[in-house]
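Down below is the structure, laid out as structure tokens.
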Amino acid sequence: ATSGEESDVVVLGGGPGGYVAAIKAAQLGLKTTCIEKRGTLGGTCLNVGCIPSKLLRCADAVPVVQALLHSSHMYHEAKTSFAHHGVKISNLEVDLPAMMAQKDKAVAGLTKGIEGLFKKNKVTYVKGFGKLASPSEVSVDLIDGGSTVVKGKNIIIATGSDVKSLPGITIDEKKIVSSTGALCLSEIPKKLVVIGAGYIGLEMGSVWNRLGSEVTVVEFAPDIVPSMDGEIRKQFQRMLEKQKMKFMLKTKVVGVDTSGDGVKLTVEPAAGGEQSTLEADIVLVSAGRTPYTSGIGLETIGVETDKAGRILVDKRFMTNVNGVFAIGDAIPGPMLAHKAEEDGVACVEFIAGKEGHVDYDTVPGVVYTHPEVASVGKTEEQVKAEGIAYRVGKFPLLANSRAKAIDDAEGLVKVVADKETDKILGVHIMAPNAGEIIHEAVLALQYGASSEDVARTCHAHPTVSEALKEACLQTFSKAIHI
Ligand code: FAD
């Protein structure tokens, strides 16, 4: 069977890249179809429960993590900080099922909204697993049974990414979990070992650490979050250690034994040496993600990928096959939801005969711990390696009146600017709500602002954002409050 008439655009995958591309394409007047294998444009975790199905999508994971980070932060604040602010609470306890139910409700609301937007924008939504059959056809195994062929003048592959395992470690989503399983634990583990100190591992580790788990993070590299500015990273690690998270850096896991009640991990120094044993109730494998590009018919039509399985595209997001495009986690670049969305919009703008543009140098990155760590542009290490003459301005949160007033003054703002032109090259913030404050810096980089431009911009008092203004002031001249 063939479903309906030919579309102008067929989007394979309904994650942040795919669904945004579909809505934008429809807004540009293109007849659009989006194919999603989950049956819901969001909320698989909610509808079928993520442990039995193991089907939580990346797209769902983002709000799920946010909800759990917020709930666990509230509990942690109530336990550790309320008394200090003169708020007394007795019998404080975690009701994990209620916390998970609140998360489900929040995510259900958000994901249902996307279906509403599809209806509003007249995007045809096909529920099923799609495979490229030709450069203009996708054959779909429908969720409700049967199959169909969806025809399109242009096809956008937005199939995203999947959990990456480690050699010798089998993820069973019971004792050895991926981020998917770690978002749906039914009990608070006494001991949680996180393998991998990237942003997802640290966020998930933070959630369970706040709820009472003893968390140890094992990382092969000498540092946590390798892409982070070195100075910020050191403070970040110290702050997580203060929150009682433990780190074993330059360490590799060489054996896993799940035969007993919990898990026994054999670890040794990355460079080799004496082995030791780590015990855990749950082990979270958070060793990165891999593009979801096999089994979707790429070979049938000859779409080229790199060694990592990422689809290769040109500046217009077109693959080597005419009329077939790819975006988001399935192509090279940062694996982030907002990057996938930008790709989606620019890709359909090209398809519609307009100009599209994504500036990969100004994609912000945020680690949603508390405080948050956010950055945009180049780190000091990158600028140094590129031989650029630069200046650095820093401002500690301890000198920011808002952060002091709310007793949340751990962190700093660091600005890296070109020594000659004063153009801002990078901004790195560790602060409460850094993930919101960073957008002022993103805009500054986007418009090629100098640190003086930001320093001379009036900032409301008292706000944590003033720390960015002061760091900029410190970059080109001298901060007032230090
Ligand atoms: P995906 O979101 O992976 O969507 C791809 C979709 O395609 C899926 O729904 C899948 O079911 C569907 N699909 C795949 N193959 C087929 C097929 N053959 N037929 C039909 N449908 C198919 N990013 C951030 O920016 N901020 C965060 O805070 C953040 N937190 C994260 C936390 C976790 C635990 C995880 C796992 C990821 C997080 N990410 C975060 C990354 C973010 O989720 C991804 O970068 C983003 O979802 C990528 O979007 P995408 O549309 O390319 O792919």
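Lettering and numbering for the structure tokens are positional, with chains as A, B, ... in the shown order, residues counted from 1 in each chain, and ligands counted from 1 in the shown order.
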List all protein, DNA and RNA residues that have any atom at most 6 Å from ligand 1, counting only C-alpha atoms and all ligand atoms, and write the list as a ChimeraX atom specification. /A:12-18,35-38,57-59,61-62,128-131,158-161,179,200,296,328-330,335-338,340
Residues within 12 Å of Ser72 in chain A, only C-alpha atoms, excluding chain neighbours under 2 positions, as a VMD selection string: chain A and resid 65 to 70 74 to 79 93 to 96 98 to 100 102 to 103 188 203 to 213 369 to 370
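Counting only C-alpha atoms and comparing A:Asp172, A:Glu466, A:Glu304, A:Glu214, the residue that lies closest to Ser401 in chain A is A:Glu466.
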Would you return as a PDB file with N, CA and C atoms, in the first residue's frame the members of range 125-291 of chain A that DSSP assigns to alpha helix (DSSP H) on this structure's backbone?
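part-v7.pdb written:
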```pdb
ATOM      1  N   SER A 179      21.384   5.396  30.609  1.00  0.00           N
ATOM      2  CA  SER A 179      20.688   6.573  31.148  1.00  0.00           C
ATOM      3  C   SER A 179      19.178   6.312  31.169  1.00  0.00           C
ATOM      4  N   THR A 180      18.696   5.513  30.195  1.00  0.00           N
ATOM      5  CA  THR A 180      17.274   5.181  30.145  1.00  0.00           C
ATOM      6  C   THR A 180      16.826   4.507  31.436  1.00  0.00           C
ATOM      7  N   GLY A 181      17.553   3.453  31.824  1.00  0.00           N
ATOM      8  CA  GLY A 181      17.203   2.733  33.048  1.00  0.00           C
ATOM      9  C   GLY A 181      17.409   3.595  34.281  1.00  0.00           C
ATOM     10  N   ALA A 182      18.456   4.432  34.260  1.00  0.00           N
ATOM     11  CA  ALA A 182      18.764   5.261  35.435  1.00  0.00           C
ATOM     12  C   ALA A 182      17.681   6.310  35.677  1.00  0.00           C
ATOM     13  N   TYR A 199      28.526  14.759  30.610  1.00  0.00           N
ATOM     14  CA  TYR A 199      27.450  15.529  31.249  1.00  0.00           C
ATOM     15  C   TYR A 199      26.252  14.665  31.654  1.00  0.00           C
ATOM     16  N   ILE A 200      25.930  13.630  30.872  1.00  0.00           N
ATOM     17  CA  ILE A 200      24.771  12.803  31.236  1.00  0.00           C
ATOM     18  C   ILE A 200      25.077  12.002  32.509  1.00  0.00           C
ATOM     19  N   GLY A 201      26.282  11.423  32.601  1.00  0.00           N
ATOM     20  CA  GLY A 201      26.675  10.668  33.784  1.00  0.00           C
ATOM     21  C   GLY A 201      26.671  11.532  35.035  1.00  0.00           C
ATOM     22  N   LEU A 202      27.160  12.758  34.913  1.00  0.00           N
ATOM     23  CA  LEU A 202      27.221  13.641  36.089  1.00  0.00           C
ATOM     24  C   LEU A 202      25.822  14.110  36.503  1.00  0.00           C
ATOM     25  N   GLU A 203      24.973  14.385  35.511  1.00  0.00           N
ATOM     26  CA  GLU A 203      23.594  14.790  35.856  1.00  0.00           C
ATOM     27  C   GLU A 203      22.859  13.645  36.548  1.00  0.00           C
ATOM     28  N   MET A 204      22.958  12.452  35.971  1.00  0.00           N
ATOM     29  CA  MET A 204      22.262  11.305  36.567  1.00  0.00           C
ATOM     30  C   MET A 204      22.849  10.961  37.929  1.00  0.00           C
ATOM     31  N   GLY A 205      24.189  11.048  38.026  1.00  0.00           N
ATOM     32  CA  GLY A 205      24.854  10.812  39.312  1.00  0.00           C
ATOM     33  C   GLY A 205      24.355  11.804  40.351  1.00  0.00           C
ATOM     34  N   SER A 206      24.196  13.068  39.944  1.00  0.00           N
ATOM     35  CA  SER A 206      23.707  14.113  40.862  1.00  0.00           C
ATOM     36  C   SER A 206      22.314  13.792  41.379  1.00  0.00           C
ATOM     37  N   VAL A 207      21.433  13.359  40.470  1.00  0.00           N
ATOM     38  CA  VAL A 207      20.053  13.047  40.872  1.00  0.00           C
ATOM     39  C   VAL A 207      20.068  12.036  42.006  1.00  0.00           C
ATOM     40  N   TRP A 208      20.772  10.909  41.790  1.00  0.00           N
ATOM     41  CA  TRP A 208      20.721   9.826  42.783  1.00  0.00           C
ATOM     42  C   TRP A 208      21.550  10.157  44.010  1.00  0.00           C
ATOM     43  N   ASN A 209      22.606  10.933  43.838  1.00  0.00           N
ATOM     44  CA  ASN A 209      23.413  11.382  44.975  1.00  0.00           C
ATOM     45  C   ASN A 209      22.552  12.229  45.924  1.00  0.00           C
ATOM     46  N   ARG A 210      21.764  13.142  45.339  1.00  0.00           N
ATOM     47  CA  ARG A 210      20.907  14.000  46.171  1.00  0.00           C
ATOM     48  C   ARG A 210      19.846  13.194  46.906  1.00  0.00           C
ATOM     49  N   GLY A 230      39.335  24.205  31.484  1.00  0.00           N
ATOM     50  CA  GLY A 230      40.051  23.507  32.546  1.00  0.00           C
ATOM     51  C   GLY A 230      39.829  24.082  33.944  1.00  0.00           C
ATOM     52  N   GLU A 231      39.856  25.422  34.027  1.00  0.00           N
ATOM     53  CA  GLU A 231      39.724  26.074  35.329  1.00  0.00           C
ATOM     54  C   GLU A 231      38.321  25.862  35.919  1.00  0.00           C
ATOM     55  N   ILE A 232      37.330  25.960  35.044  1.00  0.00           N
ATOM     56  CA  ILE A 232      35.942  25.761  35.471  1.00  0.00           C
ATOM     57  C   ILE A 232      35.762  24.296  35.884  1.00  0.00           C
ATOM     58  N   ARG A 233      36.338  23.408  35.079  1.00  0.00           N
ATOM     59  CA  ARG A 233      36.203  21.978  35.347  1.00  0.00           C
ATOM     60  C   ARG A 233      36.739  21.607  36.724  1.00  0.00           C
ATOM     61  N   LYS A 234      37.911  22.210  37.100  1.00  0.00           N
ATOM     62  CA  LYS A 234      38.503  21.899  38.414  1.00  0.00           C
ATOM     63  C   LYS A 234      37.552  22.302  39.525  1.00  0.00           C
ATOM     64  N   GLN A 235      36.988  23.516  39.393  1.00  0.00           N
ATOM     65  CA  GLN A 235      36.045  23.996  40.429  1.00  0.00           C
ATOM     66  C   GLN A 235      34.790  23.138  40.452  1.00  0.00           C
ATOM     67  N   PHE A 236      34.355  22.724  39.247  1.00  0.00           N
ATOM     68  CA  PHE A 236      33.150  21.913  39.117  1.00  0.00           C
ATOM     69  C   PHE A 236      33.348  20.581  39.840  1.00  0.00           C
ATOM     70  N   GLN A 237      34.492  19.960  39.599  1.00  0.00           N
ATOM     71  CA  GLN A 237      34.745  18.666  40.253  1.00  0.00           C
ATOM     72  C   GLN A 237      34.801  18.835  41.772  1.00  0.00           C
ATOM     73  N   ARG A 238      35.483  19.914  42.223  1.00  0.00           N
ATOM     74  CA  ARG A 238      35.564  20.169  43.677  1.00  0.00           C
ATOM     75  C   ARG A 238      34.177  20.318  44.269  1.00  0.00           C
ATOM     76  N   MET A 239      33.314  21.022  43.525  1.00  0.00           N
ATOM     77  CA  MET A 239      31.955  21.271  44.001  1.00  0.00           C
ATOM     78  C   MET A 239      31.167  19.950  44.092  1.00  0.00           C
ATOM     79  N   LEU A 240      31.330  19.081  43.085  1.00  0.00           N
ATOM     80  CA  LEU A 240      30.629  17.788  43.125  1.00  0.00           C
ATOM     81  C   LEU A 240      31.172  16.920  44.259  1.00  0.00           C
ATOM     82  N   GLU A 241      32.479  17.035  44.514  1.00  0.00           N
ATOM     83  CA  GLU A 241      33.068  16.273  45.624  1.00  0.00           C
ATOM     84  C   GLU A 241      32.523  16.781  46.961  1.00  0.00           C
ATOM     85  N   LYS A 242      32.323  18.097  47.042  1.00  0.00           N
ATOM     86  CA  LYS A 242      31.742  18.672  48.258  1.00  0.00           C
ATOM     87  C   LYS A 242      30.337  18.124  48.480  1.00  0.00           C
TER      88      LYS A 242
END
```
Exercise. For range 374-386 of chain A, list every protein, DNA or RNA residue within 7 Å, evaluated using only C-alpha atoms, and leave out those in the same chain fewer than 3 positions away; present the list as number ranges by chain.
Key: A: 229, 361-367, 416, 425-430, 434-435, 438, 442
Residue contacts of Phe350 in chain A (12 Å, only C-alpha atoms) excluding same-chain residues fewer than 4 positions away, as a ChimeraX atom specification:
/A:9,21,24-25,28,154,156,314-318,323,325,343-346,354-358
Expected file: the selected residues, C-alpha atoms, as a PDB file, in the first residue's frame:
```pdb
ATOM      1  CA  VAL A   9       9.262  16.566   2.639  1.00  0.00           C
ATOM      2  CA  ALA A  21      12.045  20.198  10.810  1.00  0.00           C
ATOM      3  CA  LYS A  24       9.084  24.378   9.993  1.00  0.00           C
ATOM      4  CA  ALA A  25       8.658  22.666   6.598  1.00  0.00           C
ATOM      5  CA  LEU A  28       7.087  27.168   4.787  1.00  0.00           C
ATOM      6  CA  ASN A 154      12.873  15.201  -0.279  1.00  0.00           C
ATOM      7  CA  ILE A 156      15.252  14.077   5.897  1.00  0.00           C
ATOM      8  CA  ASP A 314      27.235  19.025   2.875  1.00  0.00           C
ATOM      9  CA  LYS A 315      26.527  22.604   4.011  1.00  0.00           C
ATOM     10  CA  ARG A 316      22.899  22.207   2.942  1.00  0.00           C
ATOM     11  CA  PHE A 317      22.531  19.005   5.034  1.00  0.00           C
ATOM     12  CA  MET A 318      22.293  16.967   1.821  1.00  0.00           C
ATOM     13  CA  GLY A 323      17.195  14.818  -2.321  1.00  0.00           C
ATOM     14  CA  PHE A 325      19.183  15.013   3.806  1.00  0.00           C
ATOM     15  CA  ASP A 343      19.874  21.683  11.856  1.00  0.00           C
ATOM     16  CA  GLY A 344      16.210  20.865  11.180  1.00  0.00           C
ATOM     17  CA  VAL A 345      15.206  24.466  10.540  1.00  0.00           C
ATOM     18  CA  ALA A 346      18.204  25.275   8.309  1.00  0.00           C
ATOM     19  CA  LYS A 354      15.861  29.788   0.979  1.00  0.00           C
ATOM     20  CA  GLU A 355      19.138  30.239   2.854  1.00  0.00           C
ATOM     21  CA  GLY A 356      19.697  28.339   6.091  1.00  0.00           C
ATOM     22  CA  HIS A 357      22.498  28.722   8.594  1.00  0.00           C
ATOM     23  CA  VAL A 358      23.712  27.041  11.773  1.00  0.00           C
TER      24      VAL A 358
END
```
So which residues of range 75-303 of chain A fall under strand (DSSP E) by DSSP, listed as a VMD selection string?
chain A and resid 124 to 134 137 to 142 147 to 157 161 to 163 176 to 177 191 to 195 214 to 218 246 to 248 251 to 257 263 to 269 276 to 280 282 to 285 289 to 291
List the spatial neighbours of Cys472 in chain A as a PyMOL selection string - criterion: any atom at most 12 Å away, only C-alpha atoms, same-chain residues fewer than 5 positions off excluded.
chain A and resi 391-395+413-417+422-428+440-441+444+449-457+465-467+477-480
